[in-house]
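> Sharing coords.pdb here; it has PDB, C-alpha atoms.
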```pdb
ATOM      1  CA  MET B  30      -1.525 -17.278  -5.662
ATOM      2  CA  THR B  31       1.490 -16.989  -3.380
ATOM      3  CA  LEU B  32       1.462 -14.355  -0.661
ATOM      4  CA  THR B  33       4.517 -14.161   1.559
ATOM      5  CA  ARG B  34       6.434 -11.675   3.622
ATOM      6  CA  SER B  35      10.101 -11.843   4.444
ATOM      7  CA  THR B  36      10.902 -12.305   8.122
ATOM      8  CA  GLU B  37      14.659 -12.370   7.615
ATOM      9  CA  THR B  38      16.973  -9.373   7.655
ATOM     10  CA  PRO B  39      19.582  -9.903   4.936
ATOM     11  CA  ALA B  40      22.942  -8.242   5.472
ATOM     12  CA  THR B  41      23.487  -5.383   3.043
ATOM     13  CA  GLY B  42      26.406  -3.463   4.522
ATOM     14  CA  SER B  43      28.994  -4.923   2.154
ATOM     15  CA  LEU B  44      26.773  -4.885  -0.947
ATOM     16  CA  ARG B  45      26.776  -2.189  -3.603
ATOM     17  CA  VAL B  46      23.546  -1.002  -5.208
ATOM     18  CA  ALA B  47      22.977   0.887  -8.455
ATOM     19  CA  VAL B  48      19.748   2.693  -9.301
ATOM     20  CA  LEU B  49      19.752   2.909 -13.082
ATOM     21  CA  GLY B  50      17.316   5.675 -13.930
ATOM     22  CA  ALA B  51      16.956   7.700 -10.740
ATOM     23  CA  GLY B  52      13.658   9.375 -11.529
ATOM     24  CA  LYS B  53      10.813   9.904  -9.076
ATOM     25  CA  MET B  54      10.597   6.386  -7.629
ATOM     26  CA  GLY B  55      14.340   5.830  -7.958
ATOM     27  CA  GLY B  56      14.920   9.006  -5.983
ATOM     28  CA  ILE B  57      12.454   7.897  -3.304
ATOM     29  CA  LEU B  58      14.326   4.607  -2.932
ATOM     30  CA  LEU B  59      17.717   6.299  -2.801
ATOM     31  CA  GLN B  60      16.587   8.576   0.000
ATOM     32  CA  ALA B  61      15.026   5.647   1.875
ATOM     33  CA  PHE B  62      18.239   3.595   1.613
ATOM     34  CA  LEU B  63      20.246   6.481   3.015
ATOM     35  CA  LYS B  64      17.780   7.381   5.759
ATOM     36  CA  SER B  65      17.485   3.779   6.942
ATOM     37  CA  GLY B  66      21.227   3.168   6.765
ATOM     38  CA  LEU B  67      20.567   0.132   4.585
ATOM     39  CA  PHE B  68      23.596   0.976   2.431
ATOM     40  CA  PRO B  69      26.512   3.292   3.175
ATOM     41  CA  ALA B  70      26.551   6.278   0.824
ATOM     42  CA  ASP B  71      29.829   5.019  -0.666
ATOM     43  CA  ASN B  72      28.069   1.802  -1.728
ATOM     44  CA  ILE B  73      25.349   3.572  -3.716
ATOM     45  CA  VAL B  74      25.524   4.753  -7.308
ATOM     46  CA  ALA B  75      22.745   6.190  -9.445
ATOM     47  CA  THR B  76      22.392   7.085 -13.094
ATOM     48  CA  VAL B  77      20.474   9.801 -14.923
ATOM     49  CA  ALA B  78      20.335  10.884 -18.540
ATOM     50  CA  HIS B  79      22.077  14.263 -18.297
ATOM     51  CA  GLU B  80      25.350  15.354 -16.720
ATOM     52  CA  ALA B  81      23.903  18.506 -15.151
ATOM     53  CA  ARG B  82      21.229  16.442 -13.427
ATOM     54  CA  ALA B  83      23.886  13.958 -12.299
ATOM     55  CA  GLN B  84      25.896  16.691 -10.595
ATOM     56  CA  SER B  85      22.810  18.198  -8.971
ATOM     57  CA  LEU B  86      21.518  14.873  -7.638
ATOM     58  CA  SER B  87      24.952  13.836  -6.390
ATOM     59  CA  LYS B  88      25.257  17.063  -4.437
ATOM     60  CA  GLN B  89      21.731  16.707  -3.065
ATOM     61  CA  LEU B  90      22.051  13.095  -1.875
ATOM     62  CA  GLY B  91      25.762  12.724  -1.266
ATOM     63  CA  VAL B  92      26.109   9.641  -3.471
ATOM     64  CA  SER B  93      27.831   8.951  -6.775
ATOM     65  CA  VAL B  94      25.639   9.815  -9.760
ATOM     66  CA  THR B  95      26.715   9.231 -13.353
ATOM     67  CA  THR B  96      25.329   9.022 -16.871
ATOM     68  CA  ASP B  97      27.234   5.767 -17.550
ATOM     69  CA  ASN B  98      24.869   2.833 -16.966
ATOM     70  CA  LEU B  99      27.423   0.181 -17.867
ATOM     71  CA  ALA B 100      30.030   1.493 -15.429
ATOM     72  CA  ALA B 101      27.413   1.702 -12.673
ATOM     73  CA  ALA B 102      26.270  -1.852 -13.377
ATOM     74  CA  LYS B 103      29.845  -3.176 -13.251
ATOM     75  CA  SER B 104      30.369  -1.680  -9.811
ATOM     76  CA  ALA B 105      27.148  -2.988  -8.203
ATOM     77  CA  ASP B 106      25.787  -6.233  -6.779
ATOM     78  CA  ILE B 107      22.130  -5.124  -6.972
ATOM     79  CA  LEU B 108      20.774  -3.275 -10.002
ATOM     80  CA  LEU B 109      17.465  -1.445  -9.718
ATOM     81  CA  LEU B 110      15.941  -0.507 -13.064
ATOM     82  CA  GLY B 111      13.974   2.719 -12.850
ATOM     83  CA  VAL B 112      13.768   3.713 -16.508
ATOM     84  CA  LYS B 113      10.548   3.913 -18.500
ATOM     85  CA  PRO B 114       9.059   0.561 -19.582
ATOM     86  CA  LEU B 115       9.932   1.051 -23.261
ATOM     87  CA  GLN B 116      13.576   1.687 -22.296
ATOM     88  CA  VAL B 117      14.096  -1.408 -20.163
ATOM     89  CA  ALA B 118      15.123  -3.909 -22.865
ATOM     90  CA  GLU B 119      17.598  -1.468 -24.419
ATOM     91  CA  LEU B 120      19.105  -0.646 -21.021
ATOM     92  CA  VAL B 121      19.513  -4.292 -20.062
ATOM     93  CA  GLN B 122      21.159  -5.091 -23.386
ATOM     94  CA  LYS B 123      23.634  -2.234 -22.859
ATOM     95  CA  ILE B 124      24.606  -3.398 -19.376
ATOM     96  CA  SER B 125      24.618  -7.111 -20.255
ATOM     97  CA  PRO B 126      28.459  -7.272 -20.386
ATOM     98  CA  ALA B 127      28.427  -6.409 -16.665
ATOM     99  CA  LEU B 128      25.817  -9.000 -15.696
ATOM    100  CA  THR B 129      26.778 -12.199 -13.897
ATOM    101  CA  PRO B 130      24.658 -14.852 -12.118
ATOM    102  CA  ASP B 131      25.671 -13.506  -8.708
ATOM    103  CA  LYS B 132      24.075 -10.113  -9.404
ATOM    104  CA  LEU B 133      20.417  -9.296  -8.795
ATOM    105  CA  ILE B 134      18.291  -7.193 -11.138
ATOM    106  CA  ILE B 135      15.172  -5.601  -9.654
ATOM    107  CA  SER B 136      12.910  -3.838 -12.127
ATOM    108  CA  PHE B 137      10.125  -1.514 -11.068
ATOM    109  CA  ALA B 138       9.091  -0.594 -14.617
ATOM    110  CA  ALA B 139       5.356  -1.183 -15.019
ATOM    111  CA  SER B 140       4.165  -3.986 -17.309
ATOM    112  CA  VAL B 141       7.647  -5.352 -18.165
ATOM    113  CA  GLY B 142       7.782  -9.079 -17.431
ATOM    114  CA  THR B 143      10.710 -10.982 -15.984
ATOM    115  CA  ALA B 144      11.011 -13.137 -19.113
ATOM    116  CA  ALA B 145      11.607 -10.076 -21.293
ATOM    117  CA  ILE B 146      14.322  -8.831 -18.948
ATOM    118  CA  GLU B 147      15.929 -12.268 -18.753
ATOM    119  CA  ALA B 148      15.979 -12.512 -22.553
ATOM    120  CA  ALA B 149      17.865  -9.208 -22.784
ATOM    121  CA  ALA B 150      20.155  -9.953 -19.835
ATOM    122  CA  GLY B 151      21.518 -13.331 -20.865
ATOM    123  CA  PRO B 152      21.503 -16.778 -19.254
ATOM    124  CA  ASN B 153      21.051 -17.422 -15.538
ATOM    125  CA  ILE B 154      20.503 -13.809 -14.475
ATOM    126  CA  ALA B 155      18.326 -13.283 -11.395
ATOM    127  CA  VAL B 156      15.440 -10.903 -12.056
ATOM    128  CA  VAL B 157      12.800  -9.661  -9.611
ATOM    129  CA  ARG B 158       9.891  -7.548 -10.822
ATOM    130  CA  ALA B 159       8.468  -5.049  -8.321
ATOM    131  CA  MET B 160       5.534  -2.632  -8.384
ATOM    132  CA  PRO B 161       5.888   0.015  -5.646
ATOM    133  CA  ASN B 162       3.229   2.711  -5.366
ATOM    134  CA  THR B 163       3.532   6.431  -4.712
ATOM    135  CA  PRO B 164       2.835   6.369  -0.932
ATOM    136  CA  ALA B 165       6.350   4.936  -0.762
ATOM    137  CA  ALA B 166       7.401   8.587  -0.639
ATOM    138  CA  GLN B 167       6.000   8.684   2.915
ATOM    139  CA  GLY B 168       7.247   5.232   3.892
ATOM    140  CA  ALA B 169       3.686   3.935   3.575
ATOM    141  CA  GLY B 170       3.853   2.150   0.246
ATOM    142  CA  ILE B 171       3.061  -1.410  -0.703
ATOM    143  CA  THR B 172       5.350  -3.218  -3.123
ATOM    144  CA  PRO B 173       4.045  -6.424  -4.679
ATOM    145  CA  MET B 174       6.839  -8.367  -6.372
ATOM    146  CA  CYS B 175       7.435 -11.594  -8.243
ATOM    147  CA  ARG B 176      10.504 -13.662  -9.018
ATOM    148  CA  GLY B 177      12.031 -14.670 -12.310
ATOM    149  CA  SER B 178      13.356 -18.105 -13.245
ATOM    150  CA  HIS B 179      16.762 -17.814 -11.556
ATOM    151  CA  VAL B 180      16.002 -16.048  -8.264
ATOM    152  CA  SER B 181      17.010 -17.778  -5.040
ATOM    153  CA  GLU B 182      15.124 -17.492  -1.769
ATOM    154  CA  ALA B 183      17.943 -15.341  -0.401
ATOM    155  CA  GLN B 184      17.736 -12.969  -3.364
ATOM    156  CA  LEU B 185      13.961 -12.688  -3.036
ATOM    157  CA  ALA B 186      14.343 -11.921   0.675
ATOM    158  CA  LEU B 187      16.937  -9.291  -0.213
ATOM    159  CA  ALA B 188      14.546  -7.624  -2.666
ATOM    160  CA  GLN B 189      11.833  -7.532  -0.010
ATOM    161  CA  HIS B 190      14.290  -6.076   2.493
ATOM    162  CA  LEU B 191      15.134  -3.230   0.110
ATOM    163  CA  PHE B 192      11.518  -2.264  -0.512
ATOM    164  CA  ALA B 193      10.613  -2.617   3.162
ATOM    165  CA  THR B 194      12.388   0.721   3.584
ATOM    166  CA  VAL B 195       9.413   2.388   1.851
ATOM    167  CA  GLY B 196       6.533   0.364   3.312
ATOM    168  CA  ARG B 197       5.240  -3.181   3.159
ATOM    169  CA  THR B 198       6.032  -5.898   0.627
ATOM    170  CA  VAL B 199       4.183  -8.921  -0.673
ATOM    171  CA  VAL B 200       5.260 -11.674  -3.064
ATOM    172  CA  VAL B 201       2.788 -12.789  -5.737
ATOM    173  CA  ASP B 202       2.889 -15.067  -8.748
ATOM    174  CA  GLU B 203       3.813 -13.111 -11.871
ATOM    175  CA  LYS B 204       0.451 -13.840 -13.465
ATOM    176  CA  HIS B 205      -1.065 -11.506 -10.856
ATOM    177  CA  MET B 206       1.225  -8.511 -11.466
ATOM    178  CA  ASP B 207      -1.211  -6.783 -13.830
ATOM    179  CA  ALA B 208      -3.912  -7.181 -11.184
ATOM    180  CA  VAL B 209      -1.778  -5.605  -8.455
ATOM    181  CA  THR B 210      -0.915  -2.786 -10.859
ATOM    182  CA  GLY B 211      -4.635  -2.085 -11.170
ATOM    183  CA  LEU B 212      -5.244  -2.299  -7.419
ATOM    184  CA  SER B 213      -2.256  -0.969  -5.489
ATOM    185  CA  GLY B 214      -0.533   0.850  -8.359
ATOM    186  CA  SER B 215      -3.573   2.830  -9.521
ATOM    187  CA  GLY B 216      -5.409   2.590  -6.197
ATOM    188  CA  PRO B 217      -3.935   5.734  -4.590
ATOM    189  CA  ALA B 218      -5.508   7.865  -7.348
ATOM    190  CA  PHE B 219      -8.905   6.291  -6.680
ATOM    191  CA  LEU B 220      -8.537   6.920  -2.947
ATOM    192  CA  TYR B 221      -7.513  10.540  -3.487
ATOM    193  CA  ILE B 222     -10.779  11.034  -5.368
ATOM    194  CA  ILE B 223     -12.675   9.476  -2.448
ATOM    195  CA  ILE B 224     -10.863  11.712   0.059
ATOM    196  CA  GLU B 225     -11.544  14.736  -2.125
ATOM    197  CA  ALA B 226     -15.224  13.813  -2.352
ATOM    198  CA  LEU B 227     -15.514  13.305   1.420
ATOM    199  CA  ALA B 228     -13.869  16.673   1.993
ATOM    200  CA  GLU B 229     -16.241  18.348  -0.472
ATOM    201  CA  ALA B 230     -19.128  16.737   1.387
ATOM    202  CA  GLY B 231     -17.795  18.165   4.624
ATOM    203  CA  VAL B 232     -17.675  21.627   3.089
ATOM    204  CA  ASN B 233     -21.201  21.113   1.806
ATOM    205  CA  VAL B 234     -22.501  20.461   5.324
ATOM    206  CA  GLY B 235     -20.721  23.523   6.704
ATOM    207  CA  LEU B 236     -17.154  22.578   7.644
ATOM    208  CA  PRO B 237     -14.153  24.755   6.779
ATOM    209  CA  ARG B 238     -12.262  23.220   3.868
ATOM    210  CA  ASP B 239      -9.037  22.609   5.801
ATOM    211  CA  VAL B 240     -10.923  20.874   8.604
ATOM    212  CA  ALA B 241     -12.959  18.807   6.148
ATOM    213  CA  THR B 242      -9.819  17.680   4.312
ATOM    214  CA  LEU B 243      -8.072  16.759   7.565
ATOM    215  CA  LEU B 244     -11.086  14.780   8.753
ATOM    216  CA  ALA B 245     -11.435  12.962   5.430
ATOM    217  CA  ALA B 246      -7.731  12.093   5.113
ATOM    218  CA  GLN B 247      -7.207  11.022   8.732
ATOM    219  CA  THR B 248     -10.417   8.977   8.702
ATOM    220  CA  THR B 249      -9.223   7.155   5.570
ATOM    221  CA  TYR B 250      -5.817   6.569   7.160
ATOM    222  CA  GLY B 251      -7.370   5.350  10.407
ATOM    223  CA  ALA B 252      -9.766   2.976   8.664
ATOM    224  CA  ALA B 253      -6.891   1.484   6.644
ATOM    225  CA  LYS B 254      -4.833   1.090   9.811
ATOM    226  CA  MET B 255      -7.726  -0.747  11.477
ATOM    227  CA  VAL B 256      -7.811  -3.257   8.606
ATOM    228  CA  LEU B 257      -4.039  -3.740   8.633
ATOM    229  CA  GLU B 258      -3.534  -3.927  12.389
ATOM    230  CA  THR B 259      -6.585  -5.959  13.428
ATOM    231  CA  GLY B 260      -6.681  -8.348  10.476
ATOM    232  CA  ALA B 261     -10.472  -8.145  10.597
ATOM    233  CA  HIS B 262     -12.518  -8.284   7.412
ATOM    234  CA  PRO B 263     -13.551  -4.789   6.272
ATOM    235  CA  ALA B 264     -17.204  -5.856   6.376
ATOM    236  CA  LEU B 265     -16.929  -6.656  10.090
ATOM    237  CA  LEU B 266     -15.255  -3.339  10.819
ATOM    238  CA  LYS B 267     -17.990  -1.579   8.837
ATOM    239  CA  ASP B 268     -20.621  -3.298  10.961
ATOM    240  CA  GLU B 269     -18.945  -1.984  14.129
ATOM    241  CA  VAL B 270     -19.602   1.573  12.918
ATOM    242  CA  THR B 271     -23.108   0.878  11.620
ATOM    243  CA  THR B 272     -25.572   0.963  14.518
ATOM    244  CA  PRO B 273     -29.225   0.049  13.911
ATOM    245  CA  ALA B 274     -31.315   3.002  12.704
ATOM    246  CA  GLY B 275     -28.257   5.236  13.036
ATOM    247  CA  CYS B 276     -26.636   7.817  10.808
ATOM    248  CA  THR B 277     -24.103   5.552   9.092
ATOM    249  CA  VAL B 278     -26.569   3.072   7.637
ATOM    250  CA  ASP B 279     -28.404   5.871   5.841
ATOM    251  CA  GLY B 280     -25.103   7.004   4.328
ATOM    252  CA  ILE B 281     -24.246   3.450   3.264
ATOM    253  CA  LEU B 282     -27.591   3.137   1.503
ATOM    254  CA  GLU B 283     -26.711   6.265  -0.487
ATOM    255  CA  LEU B 284     -23.341   4.747  -1.428
ATOM    256  CA  GLU B 285     -24.996   1.537  -2.595
ATOM    257  CA  GLU B 286     -27.626   3.445  -4.565
ATOM    258  CA  GLY B 287     -24.874   5.489  -6.215
ATOM    259  CA  GLY B 288     -22.977   2.345  -7.209
ATOM    260  CA  LEU B 289     -19.727   3.216  -5.440
ATOM    261  CA  ARG B 290     -18.806  -0.419  -4.789
ATOM    262  CA  VAL B 291     -19.375  -1.521  -8.397
ATOM    263  CA  THR B 292     -17.660   1.571  -9.792
ATOM    264  CA  LEU B 293     -14.494   0.919  -7.750
ATOM    265  CA  ILE B 294     -14.449  -2.711  -8.856
ATOM    266  CA  LYS B 295     -14.782  -1.616 -12.481
ATOM    267  CA  ALA B 296     -11.992   0.953 -12.048
ATOM    268  CA  VAL B 297      -9.536  -1.652 -10.750
ATOM    269  CA  LYS B 298     -10.533  -4.114 -13.466
ATOM    270  CA  ARG B 299     -10.054  -1.534 -16.218
ATOM    271  CA  SER B 300      -6.684  -0.445 -14.846
ATOM    272  CA  ALA B 301      -5.557  -4.074 -14.680
ATOM    273  CA  GLU B 302      -6.728  -4.650 -18.250
ATOM    274  CA  ARG B 303      -4.759  -1.613 -19.400
ATOM    275  CA  ALA B 304      -1.646  -2.925 -17.642
ATOM    276  CA  ARG B 305      -2.116  -6.221 -19.494
ATOM    277  CA  GLU B 306      -2.496  -4.378 -22.806
ATOM    278  CA  LEU B 307       0.741  -2.483 -22.195
ATOM    279  CA  ALA B 308       2.539  -5.699 -21.281
ATOM    280  CA  ASN B 309       1.467  -7.335 -24.540
ATOM    281  CA  ARG B 310       2.591  -4.534 -26.856
TER
END
```
Rewrite the structure of this file - the entire thing - as structure tokens.


Amino acid sequence: MTLTRSTETPATGSLRVAVLGAGKMGGILLQAFLKSGLFPADNIVATVAHEARAQSLSKQLGVSVTTDNLAAAKSADILLLGVKPLQVAELVQKISPALTPDKLIISFAASVGTAAIEAAAGPNIAVVRAMPNTPAAQGAGITPMCRGSHVSEAQLALAQHLFATVGRTVVVDEKHMDAVTGLSGSGPAFLYIIIEALAEAGVNVGLPRDVATLLAAQTTYGAAKMVLETGAHPALLKDEVTTPAGCTVDGILELEEGGLRVTLIKAVKRSAERARELANR
């Protein structure tokens, strides 16, 4: 398994980017590009399915928005594919006349492999597959990504640079993309359930609901930050909280008796299996 992070800062000022299918995640990326100054507004184009939506989004973001995917692809150096997974092959085939080896395709459609995109795109087209998660909306996402057969190191670094505007990035081998879908893609939903449960527990022991929710959410955020910033194993950090004969160890025993650890492992495994099933349709 290959885990890397880009340390370079590729120049993007002269490049043009097209977000083909500016739905929820596409919209998050567009706003991040503009906020960070990664691309000038004049160098950004987006596409949507309906003209009324195109006009509304263009007015909202101050960028060009169209319903013409081929025209948008012709004008751009970087093409981000934000359509639904079942629409990816058809979209790529439609824009294939605009594709050249010097352009970069980045797909963030779940369960669509680079080989399938390459087959629709034509020979020697660079394809990166990315899997951002919903905390990207707060700049706190994680985007695992993998490279296709024709992606250079510079193009991979460029893809990482784009998604760094919405959080962290990590490069993995494509064989692990279903696994990261199950962990970081589905993971926020699992963590929301944990936060909700902690908040309910706080209410149960007498806390006001708003205070309980704040405590649960900030504690989760702080614990995650400890793991990320210290680099320590979660088990070691857990031990720092767990004093002998203290309160925490009794709570941990309840978690173990309830099977929380095994249940979370099973949830990630099942989500990853489902991602694999979707990829093999």

> For B:Phe219, list every protein, DNA or RNA residue within 12 Å, evaluated using all atoms listed in the file, and leave out those in the same chain fewer than 3 positions away; present the list as a PyMOL selection string.

chain B and resi 211-216+222-226+289+292-297+300

> Smallest atom-to-atom distance to B:Leu133: which of B:Thr76, B:Ser181, B:Gln167, B:Thr248, using all atoms listed in the file?

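Ranking B:Thr76, B:Ser181, B:Gln167, B:Thr248 by distance to B:Leu133, first place goes to B:Ser181.
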
> Which residues match the PyMOL selection byres ((chain B and resi 106) around 6) in the file above, as an mmCIF file with C-alpha atoms, in the frame of the given file?


```
data_model
loop_
_atom_site.group_PDB
_atom_site.id
_atom_site.type_symbol
_atom_site.label_atom_id
_atom_site.label_comp_id
_atom_site.auth_asym_id
_atom_site.auth_seq_id
_atom_site.Cartn_x
_atom_site.Cartn_y
_atom_site.Cartn_z
ATOM 1 C CA ARG B 45 26.776 -2.189 -3.603
ATOM 2 C CA VAL B 46 23.546 -1.002 -5.208
ATOM 3 C CA ALA B 105 27.148 -2.988 -8.203
ATOM 4 C CA ILE B 107 22.130 -5.124 -6.972
ATOM 5 C CA LYS B 132 24.075 -10.113 -9.404
#
```

> Expanded to explicit residues, what is the PyMOL selection byres ((chain B and resi 139) around 8) for this file, as a list in words?

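What the PyMOL selection byres ((chain B and resi 139) around 8) grabs from the file is Pro114, Phe137, Ala138, Ser140, Val141, Met160, Thr210 and Ala304 of chain B.
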
> Pick out the closest residue to B:Gly56 from this set: B:Gly111, B:Pro39, B:Pro273, B:Pro217. Count only C-alpha atoms.

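Ranking B:Gly111, B:Pro39, B:Pro273, B:Pro217 by distance to B:Gly56, first place goes to B:Gly111.
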
> Which of these, B:Gln116, B:Leu257, B:Ile135, B:Gly231, has the shortest distance to B:Ile171 once you count only C-alpha atoms?

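Among the listed residues, B:Leu257 lies closest to B:Ile171.
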
> Could you check the closest approach to B:Gln184 for each of B:Gly168, B:Pro130, B:Gly142, B:Gly55 and tell me which residue wins, using only C-alpha atoms?

B:Pro130

> Out of B:Thr272, B:Gln247, B:Thr172, B:Ser136, which residue has the shortest atom-to-atom distance to B:Val200 when counting only C-alpha atoms?

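Smallest distance to B:Val200 is found for B:Thr172.
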
> Contacts of B:Arg305 at 8 Å or less, counting only C-alpha atoms, minus same-chain residues fewer than 4 places along, as JSON, numbers by chain?

{"B": [140, 207, 301, 309]}

> Work out how far atom CA of B:Leu187 is from atom CA of B:Thr129, in Å to one decimal.

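Interatomic distance here is 17.1 Å.
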
> Each side padded by 8 Å, which centre and which edge lengths in Å (one decimal) define the axis-aligned box around the listed atoms of stretch 154-164 of chain B? Give them as lines of an AutoDock Vina configuration file.


```
center_x = 11.7
center_y = -3.7
center_z = -7.7
size_x = 33.7
size_y = 36.2
size_z = 29.5
```
